[in-house]
Amino acid sequence: MTESSAVDDPRRHSGGATPFDDLGLAVGSGEPLAAHTWLGVGGAARFFCEPVDCEALARLVRRCQELALSVRVIGGGSNVLVPDGGFPGLVVRLSAPAFCGIEVDSAGATGAVDAGAGAKLVHVVAAAVQAGLAGIETLVAVPGTIGGALVGNAGGRGGDIGDRVRRVTVMLPDGTVEEREGDRLAFGSRWSNLDDGIVVACRLELEVESPQQLTKRMQKQWIVERAEQPSGSRSVALLFKDPLGVSAESIIAQAGCRGLRVGGATVHSTHANYVAVQPGSSSNDVRGLVELVRGQVRQRLGVELTPHIEP
Ligand SMILES: Cc1cc2nc3c(=O)[nH]c(=O)nc-3n(C[C@H](O)[C@H](O)[C@H](O)COP(=O)(O)OP(=O)(O)OC[C@H]3O[C@@H](n4cnc5c(N)ncnc54)[C@H](O)[C@@H]3O)c2cc1C
């Protein structure tokens, strides 16, 4: 989440408390974003809204386009680093029921799940498994929303979400909504081409399998993945993407970065690809640590790591 360049004061637009007042939507100002993220650091959003439906979201983004005001979505906040100076535009959270629906279709030879972008990934996985639909059960331990998972193509050893995406519904900056499928969708290593709008929903294509077998596989995966994550605190985030064929964790450990610290941000002592933050830490501590680790890995091993957490 980057601090955008200065914009004209949007309050001038309506003469009200915010430039959204005439839209009849509950838009707050100065919302502390730390509370919406796993790391719990960073400043406030200039404007913040949890729109009730797509129509309300469209009115918001259209107004932002008129005012040249940046818009960002915050999902589960598990992969986002809010700057200490906050975000000078509008932050939206798709937490309303209209964005969190999950519908399973397991009637045919293959199955599908339709999910709103604000639905928690773990809920989508559970719904699919319960209905006997296979293909996303290995993502059970990835925190966050399905919107966040699609944008960053979340995944791991068992595959990525992008492998299962049939269609994505995206809202463009002018408030129009389009369906994308086929070659209009691209997913790579913790990357997708969905960064030009707001993901509002998706359809995943899955295979039919016995719910009992699937449940066992999901539970096993949950145990394995949770053992590879730091436990006991939400104040953590993944530091770097895995370079091709190697784990970032082993590279960071080999370069002697375990326990490195900047202010209140530390490289986790057991799970070296995670940053852990102490209460009172700043976003700059985390940024400083990312650069320190990158520099040490470059210098000792000649490897260039790419940050996983999004600034
Ligand atoms: C303990 C832990 C374990 C993790 N394990 C994994 C793992 O195994 N594999 C993996 O890939 N990742 C993993 N992650 C990283 C993270 O959970 C994923 O990247 C996750 O998919 C992020 O989803 P989110 O909803 O929290 O997104 P957020 O952190 O809220 O947002 C991430 C980015 O996506 C954008 N975004 C979110 N929703 C939308 C939307 N609807 N439309 C447009 N843009 C949107 C945001 O603006 C931001 O740029 C882990 C993180 C933690 C803390």
# chains A, B, ... in the order shown; residues from 1 in each chain; ligands from 1
>>> residues_around(residues="region 123-139 of chain A", least_positions_apart="3", cutoff="8 Å", atoms="only C-alpha atoms", output="PyMOL selection string")
chain A and resi 102+104+106+111-113+115+119-120+142+146+154-156+158-161+164+206-212+214-215+217-218+221-222
>>> residues_near_ligand(ligand="ligand 1", cutoff="6 Å", atoms="only C-alpha atoms and all ligand atoms", output="count of residues only")
30
>>> residues_around(residues="Glu228 (chain A)", least_positions_apart="4", cutoff="10 Å", atoms="only C-alpha atoms", output="ChimeraX atom specification")
/A:222-224,270-271
>>> closest_residue(among="A:Phe99, A:Phe48, A:Phe20, A:Phe240", to="His36 (chain A)", atoms="only C-alpha atoms")
A:Phe48
>>> closest_residue(among="A:Ser250, A:Gly175, A:Asp163, A:Leu150", to="Asp195 (chain A)", atoms="only C-alpha atoms")
A:Leu150
>>> residues_around(residues="Ile252 (chain A)", least_positions_apart="5", cutoff="12 Å", atoms="only C-alpha atoms", output="PDB file with N, CA, C and O atoms, in the first residue's frame")
ATOM      1  N   LEU A 239       7.900 -12.855   4.450  1.00  0.00           N
ATOM      2  CA  LEU A 239       8.827 -11.829   3.988  1.00  0.00           C
ATOM      3  C   LEU A 239       9.056 -11.859   2.475  1.00  0.00           C
ATOM      4  O   LEU A 239       8.902 -10.860   1.789  1.00  0.00           O
ATOM      5  N   PHE A 240       9.460 -13.037   1.941  1.00  0.00           N
ATOM      6  CA  PHE A 240       9.891 -13.087   0.538  1.00  0.00           C
ATOM      7  C   PHE A 240       9.215 -14.218  -0.234  1.00  0.00           C
ATOM      8  O   PHE A 240       8.824 -15.235   0.339  1.00  0.00           O
ATOM      9  N   LYS A 241       9.104 -14.030  -1.545  1.00  0.00           N
ATOM     10  CA  LYS A 241       8.621 -15.092  -2.421  1.00  0.00           C
ATOM     11  C   LYS A 241       9.722 -16.144  -2.546  1.00  0.00           C
ATOM     12  O   LYS A 241      10.912 -15.786  -2.498  1.00  0.00           O
ATOM     13  N   ASP A 242       9.323 -17.392  -2.759  1.00  0.00           N
ATOM     14  CA  ASP A 242      10.322 -18.441  -2.992  1.00  0.00           C
ATOM     15  C   ASP A 242      10.919 -18.253  -4.382  1.00  0.00           C
ATOM     16  O   ASP A 242      10.185 -18.222  -5.370  1.00  0.00           O
ATOM     17  N   PRO A 243      12.267 -18.146  -4.473  1.00  0.00           N
ATOM     18  CA  PRO A 243      12.860 -18.105  -5.821  1.00  0.00           C
ATOM     19  C   PRO A 243      12.657 -19.476  -6.470  1.00  0.00           C
ATOM     20  O   PRO A 243      12.405 -20.452  -5.771  1.00  0.00           O
ATOM     21  N   VAL A 246      13.681 -23.153  -4.965  1.00  0.00           N
ATOM     22  CA  VAL A 246      14.298 -23.109  -3.636  1.00  0.00           C
ATOM     23  C   VAL A 246      13.323 -22.420  -2.682  1.00  0.00           C
ATOM     24  O   VAL A 246      12.496 -21.624  -3.111  1.00  0.00           O
ATOM     25  N   SER A 247      13.464 -22.692  -1.374  1.00  0.00           N
ATOM     26  CA  SER A 247      12.594 -21.960  -0.459  1.00  0.00           C
ATOM     27  C   SER A 247      13.328 -20.729   0.058  1.00  0.00           C
ATOM     28  O   SER A 247      14.535 -20.776   0.353  1.00  0.00           O
ATOM     29  N   CYS A 257      20.488 -14.971   8.555  1.00  0.00           N
ATOM     30  CA  CYS A 257      19.607 -13.838   8.887  1.00  0.00           C
ATOM     31  C   CYS A 257      18.633 -14.123  10.027  1.00  0.00           C
ATOM     32  O   CYS A 257      17.916 -13.211  10.453  1.00  0.00           O
ATOM     33  N   ARG A 258      18.584 -15.351  10.513  1.00  0.00           N
ATOM     34  CA  ARG A 258      17.651 -15.641  11.617  1.00  0.00           C
ATOM     35  C   ARG A 258      17.916 -14.689  12.771  1.00  0.00           C
ATOM     36  O   ARG A 258      19.068 -14.477  13.146  1.00  0.00           O
ATOM     37  N   GLY A 259      16.865 -14.138  13.327  1.00  0.00           N
ATOM     38  CA  GLY A 259      17.016 -13.280  14.504  1.00  0.00           C
ATOM     39  C   GLY A 259      17.429 -11.845  14.190  1.00  0.00           C
ATOM     40  O   GLY A 259      17.487 -11.006  15.083  1.00  0.00           O
ATOM     41  N   LEU A 260      17.736 -11.527  12.923  1.00  0.00           N
ATOM     42  CA  LEU A 260      18.076 -10.127  12.582  1.00  0.00           C
ATOM     43  C   LEU A 260      16.927  -9.226  13.022  1.00  0.00           C
ATOM     44  O   LEU A 260      15.760  -9.601  12.918  1.00  0.00           O
ATOM     45  N   VAL A 267      13.429 -11.107  12.260  1.00  0.00           N
ATOM     46  CA  VAL A 267      13.283 -12.327  11.466  1.00  0.00           C
ATOM     47  C   VAL A 267      12.979 -13.449  12.452  1.00  0.00           C
ATOM     48  O   VAL A 267      13.704 -13.630  13.433  1.00  0.00           O
ATOM     49  N   HIS A 268      11.885 -14.175  12.208  1.00  0.00           N
ATOM     50  CA  HIS A 268      11.446 -15.201  13.152  1.00  0.00           C
ATOM     51  C   HIS A 268      12.565 -16.222  13.381  1.00  0.00           C
ATOM     52  O   HIS A 268      13.210 -16.664  12.427  1.00  0.00           O
ATOM     53  N   SER A 269      12.770 -16.606  14.636  1.00  0.00           N
ATOM     54  CA  SER A 269      13.916 -17.470  14.948  1.00  0.00           C
ATOM     55  C   SER A 269      13.740 -18.889  14.402  1.00  0.00           C
ATOM     56  O   SER A 269      14.710 -19.545  14.034  1.00  0.00           O
ATOM     57  N   THR A 270      12.506 -19.382  14.310  1.00  0.00           N
ATOM     58  CA  THR A 270      12.288 -20.749  13.806  1.00  0.00           C
ATOM     59  C   THR A 270      11.871 -20.736  12.340  1.00  0.00           C
ATOM     60  O   THR A 270      12.333 -21.566  11.557  1.00  0.00           O
ATOM     61  N   HIS A 271      10.971 -19.834  11.977  1.00  0.00           N
ATOM     62  CA  HIS A 271      10.450 -19.792  10.604  1.00  0.00           C
ATOM     63  C   HIS A 271      11.034 -18.552   9.931  1.00  0.00           C
ATOM     64  O   HIS A 271      10.454 -17.466   9.991  1.00  0.00           O
ATOM     65  N   ALA A 272      12.202 -18.746   9.296  1.00  0.00           N
ATOM     66  CA  ALA A 272      13.017 -17.597   8.892  1.00  0.00           C
ATOM     67  C   ALA A 272      12.394 -16.733   7.798  1.00  0.00           C
ATOM     68  O   ALA A 272      12.845 -15.616   7.576  1.00  0.00           O
ATOM     69  N   ASN A 273      11.348 -17.224   7.102  1.00  0.00           N
ATOM     70  CA  ASN A 273      10.750 -16.359   6.078  1.00  0.00           C
ATOM     71  C   ASN A 273       9.591 -15.537   6.634  1.00  0.00           C
ATOM     72  O   ASN A 273       8.789 -15.007   5.873  1.00  0.00           O
ATOM     73  N   TYR A 274       9.491 -15.424   7.925  1.00  0.00           N
ATOM     74  CA  TYR A 274       8.454 -14.589   8.530  1.00  0.00           C
ATOM     75  C   TYR A 274       9.095 -13.464   9.330  1.00  0.00           C
ATOM     76  O   TYR A 274      10.107 -13.665   9.990  1.00  0.00           O
ATOM     77  N   VAL A 275       8.470 -12.304   9.255  1.00  0.00           N
ATOM     78  CA  VAL A 275       8.828 -11.209  10.160  1.00  0.00           C
ATOM     79  C   VAL A 275       7.827 -11.261  11.312  1.00  0.00           C
ATOM     80  O   VAL A 275       6.645 -11.531  11.101  1.00  0.00           O
ATOM     81  N   VAL A 290      13.224  -5.817   5.861  1.00  0.00           N
ATOM     82  CA  VAL A 290      13.171  -6.420   4.518  1.00  0.00           C
ATOM     83  C   VAL A 290      14.451  -6.059   3.755  1.00  0.00           C
ATOM     84  O   VAL A 290      15.104  -6.917   3.155  1.00  0.00           O
ATOM     85  N   LEU A 292      17.359  -5.050   5.021  1.00  0.00           N
ATOM     86  CA  LEU A 292      18.540  -5.618   5.681  1.00  0.00           C
ATOM     87  C   LEU A 292      18.736  -7.074   5.251  1.00  0.00           C
ATOM     88  O   LEU A 292      19.839  -7.490   4.889  1.00  0.00           O
ATOM     89  N   VAL A 293      17.645  -7.849   5.271  1.00  0.00           N
ATOM     90  CA  VAL A 293      17.732  -9.271   4.902  1.00  0.00           C
ATOM     91  C   VAL A 293      18.102  -9.403   3.419  1.00  0.00           C
ATOM     92  O   VAL A 293      18.989 -10.178   3.057  1.00  0.00           O
ATOM     93  N   ARG A 294      17.433  -8.618   2.580  1.00  0.00           N
ATOM     94  CA  ARG A 294      17.741  -8.660   1.136  1.00  0.00           C
ATOM     95  C   ARG A 294      19.223  -8.395   0.879  1.00  0.00           C
ATOM     96  O   ARG A 294      19.867  -9.081   0.095  1.00  0.00           O
ATOM     97  N   GLY A 295      19.735  -7.376   1.573  1.00  0.00           N
ATOM     98  CA  GLY A 295      21.133  -6.973   1.395  1.00  0.00           C
ATOM     99  C   GLY A 295      22.086  -8.071   1.839  1.00  0.00           C
ATOM    100  O   GLY A 295      23.055  -8.404   1.141  1.00  0.00           O
ATOM    101  N   GLN A 296      21.790  -8.677   2.993  1.00  0.00           N
ATOM    102  CA  GLN A 296      22.678  -9.721   3.525  1.00  0.00           C
ATOM    103  C   GLN A 296      22.638 -10.973   2.627  1.00  0.00           C
ATOM    104  O   GLN A 296      23.667 -11.599   2.400  1.00  0.00           O
ATOM    105  N   VAL A 297      21.464 -11.311   2.124  1.00  0.00           N
ATOM    106  CA  VAL A 297      21.337 -12.480   1.237  1.00  0.00           C
ATOM    107  C   VAL A 297      22.080 -12.212  -0.076  1.00  0.00           C
ATOM    108  O   VAL A 297      22.814 -13.066  -0.589  1.00  0.00           O
ATOM    109  N   ARG A 298      21.946 -11.018  -0.591  1.00  0.00           N
ATOM    110  CA  ARG A 298      22.627 -10.633  -1.844  1.00  0.00           C
ATOM    111  C   ARG A 298      24.145 -10.726  -1.669  1.00  0.00           C
ATOM    112  O   ARG A 298      24.862 -11.318  -2.467  1.00  0.00           O
ATOM    113  N   GLN A 299      24.589 -10.156  -0.548  1.00  0.00           N
ATOM    114  CA  GLN A 299      26.028 -10.071  -0.314  1.00  0.00           C
ATOM    115  C   GLN A 299      26.633 -11.459  -0.047  1.00  0.00           C
ATOM    116  O   GLN A 299      27.682 -11.796  -0.574  1.00  0.00           O
ATOM    117  N   ARG A 300      25.952 -12.288   0.759  1.00  0.00           N
ATOM    118  CA  ARG A 300      26.551 -13.578   1.131  1.00  0.00           C
ATOM    119  C   ARG A 300      26.307 -14.686   0.116  1.00  0.00           C
ATOM    120  O   ARG A 300      27.119 -15.579  -0.022  1.00  0.00           O
ATOM    121  N   LEU A 301      25.129 -14.639  -0.580  1.00  0.00           N
ATOM    122  CA  LEU A 301      24.798 -15.757  -1.478  1.00  0.00           C
ATOM    123  C   LEU A 301      24.610 -15.327  -2.930  1.00  0.00           C
ATOM    124  O   LEU A 301      24.425 -16.166  -3.804  1.00  0.00           O
ATOM    125  N   GLY A 302      24.613 -14.035  -3.185  1.00  0.00           N
ATOM    126  CA  GLY A 302      24.429 -13.551  -4.559  1.00  0.00           C
ATOM    127  C   GLY A 302      23.017 -13.791  -5.090  1.00  0.00           C
ATOM    128  O   GLY A 302      22.804 -13.872  -6.296  1.00  0.00           O
ATOM    129  N   VAL A 303      22.032 -13.925  -4.179  1.00  0.00           N
ATOM    130  CA  VAL A 303      20.644 -14.180  -4.606  1.00  0.00           C
ATOM    131  C   VAL A 303      19.815 -12.924  -4.362  1.00  0.00           C
ATOM    132  O   VAL A 303      19.938 -12.283  -3.303  1.00  0.00           O
ATOM    133  N   GLU A 304      18.967 -12.573  -5.348  1.00  0.00           N
ATOM    134  CA  GLU A 304      18.089 -11.400  -5.197  1.00  0.00           C
ATOM    135  C   GLU A 304      16.698 -11.883  -4.794  1.00  0.00           C
ATOM    136  O   GLU A 304      16.031 -12.559  -5.581  1.00  0.00           O
ATOM    137  N   LEU A 305      16.280 -11.584  -3.572  1.00  0.00           N
ATOM    138  CA  LEU A 305      14.948 -11.999  -3.118  1.00  0.00           C
ATOM    139  C   LEU A 305      13.908 -10.921  -3.454  1.00  0.00           C
ATOM    140  O   LEU A 305      14.209  -9.729  -3.416  1.00  0.00           O
TER     141      LEU A 305
END
>>> atom_distance(atom1="CA of Leu121 (chain A)", atom2="CA of Arg167 (chain A)")
16.4 Å
>>> select_by_dssp(residues="region 64-309 of chain A", states="alpha helix (DSSP H)", output="PyMOL selection string")
chain A and resi 64-67+121-130+146-151+211-227+248-254+283-301
